[in-house]
Each structure stands twice: as structure tokens, then as C-alpha cells.
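Okay, coords_15.txt now, which holds compact mmCIF, C-alpha atoms:
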# COMPACT_ATOMS: atom_id res chain seq x y z
CA MET R 1 138.64 209.25 162.60
CA ASP R 2 139.15 213.02 162.79
CA SER R 3 139.23 215.40 159.86
CA ASP R 4 139.76 219.16 159.58
CA VAL R 5 137.14 221.16 157.71
CA ASP R 6 137.51 224.96 157.59
CA GLY R 7 139.80 224.77 160.60
CA LYS R 8 137.27 222.79 162.65
CA ARG R 9 137.87 219.20 163.70
CA ILE R 10 135.04 216.79 162.98
CA LYS R 11 134.72 213.04 163.54
CA LEU R 12 134.02 210.71 160.65
CA ARG R 13 131.85 207.71 161.38
CA ILE R 14 132.56 204.29 159.93
CA SER R 15 129.31 204.58 157.99
CA ALA R 16 130.89 207.48 156.07
CA PHE R 17 133.57 205.11 154.74
CA GLN R 18 130.88 202.62 153.82
CA GLU R 19 129.23 205.28 151.70
CA LEU R 20 132.57 206.21 150.13
CA SER R 21 133.08 202.57 149.14
CA ARG R 22 129.70 202.68 147.38
CA GLY R 23 128.52 199.59 149.21
CA CYS R 24 131.57 197.46 148.47
CA PHE R 25 132.32 197.19 152.19
CA THR R 26 129.95 196.94 155.12
CA THR R 27 130.36 198.80 158.40
CA GLU R 28 131.03 195.51 160.17
CA ALA R 29 133.77 194.55 157.67
CA ILE R 30 135.53 197.90 158.05
CA GLU R 31 135.32 197.72 161.84
CA ALA R 32 136.64 194.14 161.89
CA LYS R 33 139.59 195.07 159.66
CA GLU R 34 140.38 198.07 161.89
CA PHE R 35 140.57 195.83 164.97
CA GLU R 36 142.74 193.37 163.03
CA ILE R 37 145.21 196.11 162.11
CA LEU R 38 145.30 197.43 165.70
CA ALA R 39 145.96 193.93 167.00
CA LEU R 40 148.85 193.44 164.56
CA LEU R 41 150.31 196.78 165.64
CA GLN R 42 149.67 195.86 169.30
CA TRP R 43 147.90 199.22 169.59
CA HIS R 44 151.18 201.07 169.07
CA ILE R 45 149.57 203.68 166.88
CA ASN R 46 150.97 206.80 168.57
CA PRO R 47 154.55 206.00 169.62
CA PRO R 48 156.64 208.67 171.37
CA THR R 49 158.99 210.58 169.10
CA CYS R 50 162.56 211.64 169.89
CA ALA R 51 161.43 215.27 170.07
CA ARG R 52 158.72 214.37 172.58
CA CYS R 53 161.24 212.46 174.71
CA ILE R 54 163.69 215.37 174.61
CA PHE R 55 160.94 217.75 175.69
CA SER R 56 159.90 215.48 178.58
CA PHE R 57 163.49 214.90 179.76
CA LEU R 58 164.41 218.60 179.74
CA ARG R 59 161.54 219.42 182.07
CA LEU R 60 163.65 217.72 184.74
CA LEU R 61 166.51 220.21 184.37
CA PRO R 62 166.53 222.23 187.61
CA ALA R 63 167.02 225.96 187.85
CA SER R 64 170.35 227.29 189.11
CA GLU R 65 170.40 227.98 192.84
CA SER R 66 173.38 230.33 192.68
CA MET R 67 174.58 233.30 190.68
CA GLU R 68 177.33 231.31 188.97
CA CYS R 69 175.16 230.77 185.90
CA GLU R 70 174.52 234.03 184.08
CA ILE R 71 172.22 232.48 181.49
CA PRO R 72 168.59 231.91 182.60
CA ARG R 73 167.41 228.30 182.85
CA ASP R 74 164.85 228.82 180.08
CA ASP R 75 167.57 229.90 177.66
CA ILE R 76 169.78 226.92 178.55
CA VAL R 77 166.87 224.52 178.05
CA CYS R 78 166.07 226.09 174.68
CA GLN R 79 169.70 225.82 173.58
CA ILE R 80 169.89 222.15 174.55
CA PHE R 81 166.53 221.38 172.95
CA ASP R 82 167.51 222.98 169.64
CA VAL R 83 170.79 221.07 169.34
CA ALA R 84 169.39 217.73 170.57
CA LYS R 85 166.38 217.92 168.25
CA TYR R 86 168.67 218.80 165.33
CA LEU R 87 170.80 215.71 165.99
CA THR R 88 167.78 213.40 166.24
CA GLU R 89 166.46 214.77 162.96
CA LEU R 90 169.78 213.90 161.31
CA SER R 91 169.59 210.39 162.79
CA ILE R 92 166.49 209.72 160.69
CA PHE R 93 168.78 209.30 157.67
CA VAL R 94 170.71 206.45 159.33
CA SER R 95 168.91 203.13 159.65
CA ASP R 96 171.13 201.96 162.54
CA PHE R 97 169.44 204.48 164.82
CA SER R 98 165.80 203.70 164.07
CA PHE R 99 166.08 199.90 163.91
CA GLY R 100 168.54 199.37 166.74
CA ASN R 101 167.47 201.92 169.37
CA GLY R 102 164.33 203.31 170.92
CA PRO R 103 163.44 207.03 170.66
CA SER R 104 164.09 207.59 174.38
CA MET R 105 167.65 206.25 174.13
CA ILE R 106 168.38 208.35 171.06
CA ALA R 107 166.85 211.41 172.72
CA TYR R 108 168.87 210.91 175.91
CA SER R 109 172.11 210.50 173.95
CA ALA R 110 171.30 213.59 171.89
CA ILE R 111 170.74 215.60 175.07
CA LEU R 112 174.17 214.57 176.38
CA CYS R 113 175.74 215.66 173.10
CA ALA R 114 173.79 218.92 173.16
CA MET R 115 174.87 219.68 176.72
CA GLU R 116 178.48 219.10 175.71
CA TYR R 117 178.09 221.43 172.72
CA VAL R 118 176.41 224.16 174.79
CA GLU R 119 179.10 223.99 177.47
CA GLU R 120 181.94 224.22 174.96
CA SER R 121 180.49 226.89 172.69
CA ILE R 122 178.24 228.99 174.90
CA LYS R 123 178.46 228.64 178.70
CA PRO R 124 179.29 225.84 181.17
CA ILE R 125 176.25 224.35 182.88
CA PRO R 126 176.59 224.37 186.71
CA PHE R 127 177.79 220.95 187.86
CA HIS R 128 175.13 220.47 190.54
CA ASN R 129 172.38 221.28 188.00
CA LYS R 130 173.70 218.73 185.54
CA PHE R 131 174.20 216.13 188.28
CA ARG R 132 170.64 216.52 189.59
CA PHE R 133 169.30 216.42 186.03
CA LEU R 134 171.12 213.20 185.10
CA SER R 135 170.23 211.62 188.45
CA SER R 136 166.53 212.39 187.92
CA ILE R 137 166.55 210.75 184.50
CA LYS R 138 168.44 207.72 185.80
CA GLU R 139 165.65 207.16 188.33
CA LEU R 140 163.39 206.44 185.34
CA SER R 141 165.65 203.63 184.14
CA ASN R 142 169.18 202.42 184.78
CA ALA R 143 169.64 202.37 181.01
CA PHE R 144 169.84 206.17 181.09
CA SER R 145 173.41 206.50 182.29
CA PRO R 146 176.25 208.54 180.73
CA ASP R 147 178.60 205.66 181.58
CA SER R 148 176.58 203.09 179.64
CA GLU R 149 178.46 201.52 176.74
CA ASP R 150 175.36 201.76 174.53
CA ILE R 151 174.84 205.43 175.35
CA ARG R 152 178.48 206.27 174.63
CA LYS R 153 178.24 204.50 171.30
CA LEU R 154 175.07 206.38 170.42
CA GLN R 155 176.71 209.67 171.36
CA THR R 156 179.62 208.96 169.03
CA MET R 157 177.26 208.04 166.20
CA LEU R 158 175.27 211.25 166.70
CA LYS R 159 178.41 213.37 166.75
CA LYS R 160 179.52 211.86 163.46
CA LEU R 161 176.36 213.21 161.89
CA ALA R 162 177.58 216.74 162.68
CA PRO R 163 181.40 216.46 162.55
CA LYS R 164 181.90 220.24 162.45
CA MET R 165 180.30 220.54 165.88
CA PHE R 166 181.97 217.76 167.87
CA LYS R 167 185.21 215.95 168.51
CA ILE R 168 184.83 212.23 167.79
CA ASP R 169 185.85 209.55 170.28
CA ASP R 170 188.06 207.18 168.27
CA LYS R 171 187.19 204.29 170.60
CA TYR R 172 183.86 203.93 168.87
CA HIS R 173 185.06 204.78 165.38
CA GLN R 174 182.99 203.01 162.77
CA ILE R 175 181.55 203.67 159.35
CA ILE R 176 177.89 204.69 159.53
CA PRO R 177 175.84 203.63 156.48
CA ARG R 178 173.69 206.41 155.12
CA THR R 179 171.43 207.10 152.19
CA ILE R 180 172.37 210.75 151.56
CA SER R 181 175.39 212.97 152.07
CA LEU R 182 175.09 214.01 155.69
CA ASN R 183 177.89 216.55 155.31
CA GLU R 184 175.48 218.54 153.17
CA VAL R 185 172.80 218.35 155.84
CA ALA R 186 174.89 218.70 158.99
CA ASP R 187 176.33 222.13 158.26
CA PRO R 188 175.93 224.38 161.32
CA ALA R 189 176.25 227.48 159.12
CA ASN R 190 172.94 226.61 157.46
CA SER R 191 171.25 225.17 160.50
CA VAL R 192 169.44 226.41 163.56
CA VAL R 193 172.20 225.08 165.82
CA GLY R 194 174.72 227.41 164.25
CA LYS R 195 172.80 230.36 165.64
CA THR R 196 170.75 228.82 168.43
CA SER R 197 168.82 231.25 170.57
CA ARG R 198 165.70 231.37 172.65
CA ALA R 199 164.02 233.56 170.06
CA ILE R 200 163.96 230.77 167.46
CA SER R 201 163.63 227.75 169.71
CA PRO R 202 160.37 225.81 169.42
CA PHE R 203 160.65 224.88 173.10
CA VAL R 204 158.19 226.78 175.28
CA ILE R 205 158.68 226.42 179.02
CA GLY R 206 155.56 225.56 180.95
CA ARG R 207 153.60 224.34 177.93
CA ASP R 208 152.50 220.77 177.30
CA GLU R 209 153.90 220.68 173.78
CA PRO R 210 156.84 222.40 172.08
CA LYS R 211 155.55 224.91 169.52
CA SER R 212 156.67 224.96 165.92
CA LYS R 213 157.22 228.68 166.09
CA ARG R 214 157.72 230.93 169.12
CA GLN R 215 155.45 233.93 169.31
CA LYS R 216 157.13 237.29 169.56
CA VAL R 217 156.43 239.19 172.75

Could you render the structure from this file as C-alpha cells?
Amino acid sequence: MDSDVDGKRIKLRISAFQELSRGCFTTEAIEAKEFEILALLQWHINPPTCARCIFSFLRLLPASESMECEIPRDDIVCQIFDVAKYLTELSIFVSDFSFGNGPSMIAYSAILCAMEYVEESIKPIPFHNKFRFLSSIKELSNAFSPDSEDIRKLQTMLKKLAPKMFKIDDKYHQIIPRTISLNEVADPANSVVGKTSRAISPFVIGRDEPKSKRQKV
């Protein structure tokens, strides 16, 4: 197990926990219980998050090959990332998302919603770029298709979390159970998506991980 001390990462040995237990547990007992827990979890101790999936998917968005798109690719990616991540964060408050769908499906649906929002409020994304992007993701799995009934339903559910940003498809109208007032949370005026820009996006092109805060150049 790792622990941070004065900004430095150190590894704690199992014997350290034995000492902390003041001899109540042996090293063997702690190790056996650790393997038991890992077996019950099927070693799923670091599952991919929606944000991680969004980041990985958006790396497949190609750059524009013509002058029809005035906005640089990096800015478009940052815009999409900000909106998609915002929607997935709202989905945490709705149990239907977490229990019924995997993070990759939620992330993919959020990206589709974000692309729609960016095109309507900022600038249309070149058709061939979007087509190549969606085709590349579909090669990963046939489940990632804009025409999928499940994806369309997820899109509608995500849009309902931010009703001031999207038009809702009545075909999938349904009441979404929630634990808090999402209208208080999903207010673009108080959110990053209401003023999305590359300067505040945590998405850094060419890096392995999206940063929590972009450094000023």
C-alpha cells in the first residue's frame, strides 16, 4: 500500500499493519484476508471512470483536413470534454445510470450529447471528422452506435439532467428518480459548460491523463 509523506510516496509493508494492530493480527492473516477481498471483487479494484473513457474516446477525434473548420481541433476536443464530463458528473446523482450501464456507455452517450451541444451553440463539427470519429469508436464495439436504442435512451436521460442545454426527445420521455434537485445543479450559468473554453478545460492534448487545472502559458 502506498502513502504520501511530505509529498513523497512510500510503500507500507504488511508488517506495518501488524504493528499497528498491536499483535492482534498476524502478517499471514492480513495477507490472507487481502486475497479474499480481491477474489470477491474479482480484482476489479481500479475500474475505468466515465472521465477516463471520455478522455480515451476523444483521442480518436481526427484533425480537420480542410479550412472549413475555423476552430482548432484542440479547442473542439476541450469543449466536448468539458460538456461530456459535466453530464457524467450529473449522472452520479441518478442510480439508473450507475446500476444499469457501464462507464464506457455513459461516456459515449455523453460525448454524443456534448457534440450536439457544441455544434448548436458554438460551431458545427465537420461531417467527415465526426463520421471518422464515430466509425473509429464503433470498431471497438458494435454497442457504440448512435443508432442504438440503448444509446439513444441514455442520451435522453443525460439531456434531462441539464434541461436548459438540450431539447428532449419525447419518444424516450420518462421520470428519472433522483436524490437531489438536479435543476439546482444543472444550471449552465453556474457551471463550466456555460462558459466552456480551452483555458479552463482540464483536457490536455498529448498527455496521458487529463489535468485538474490547465497551466497558463

Near-R:Gln18 list (8 Å; all atoms listed in the file; drop same-chain fewer than 5 positions) as a VMD selection string = chain R and resid 23 to 27 30

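Proximity ranking of R:Ser136, R:Thr49, R:Val118, R:Ile14 relative to R:Ser98 places R:Thr49 first, based on all atoms listed in the file.
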
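Atom to atom, atom CA of R:Glu116 and atom CA of R:Leu134 stand 13.3 Å apart.
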
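The two atoms in question, atom CA of R:Phe127 and atom CA of R:Leu90, are spaced 28.6 Å apart.
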
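The spacing separating atom CA of R:Phe81 from atom CA of R:Asn46 amounts to 21.8 Å.
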
Answer as a list in words, residues within 9 Å of (177.5, 222.7, 169.0) using only C-alpha atoms = Val83, Cys113, Ala114, Met115, Glu116, Tyr117, Val118, Glu119, Glu120, Ser121, Ile122, Ala162, Lys164, Met165, Phe166, Pro188, Val193 and Gly194 of chain R

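For the choices R:Arg73, R:Lys85, R:Arg22, R:Lys11, the atom-to-atom distance to R:Asn129 is smallest for R:Arg73 when using all atoms listed in the file.
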
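Shortest separation to R:Arg132 among R:Leu58, R:Leu41, R:Ala16, R:Ala29 occurs at residue R:Leu58, atoms counted being all atoms listed in the file.
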
Nearest to R:Cys78 by atom-to-atom distance, counting only C-alpha atoms, from R:Leu112, R:Pro62, R:Phe99, R:Phe55 | R:Phe55

Option closest in space to R:Ala107, from R:Ile71, R:Cys53, R:Leu140, R:Leu154 [counting all atoms listed in the file] = R:Cys53
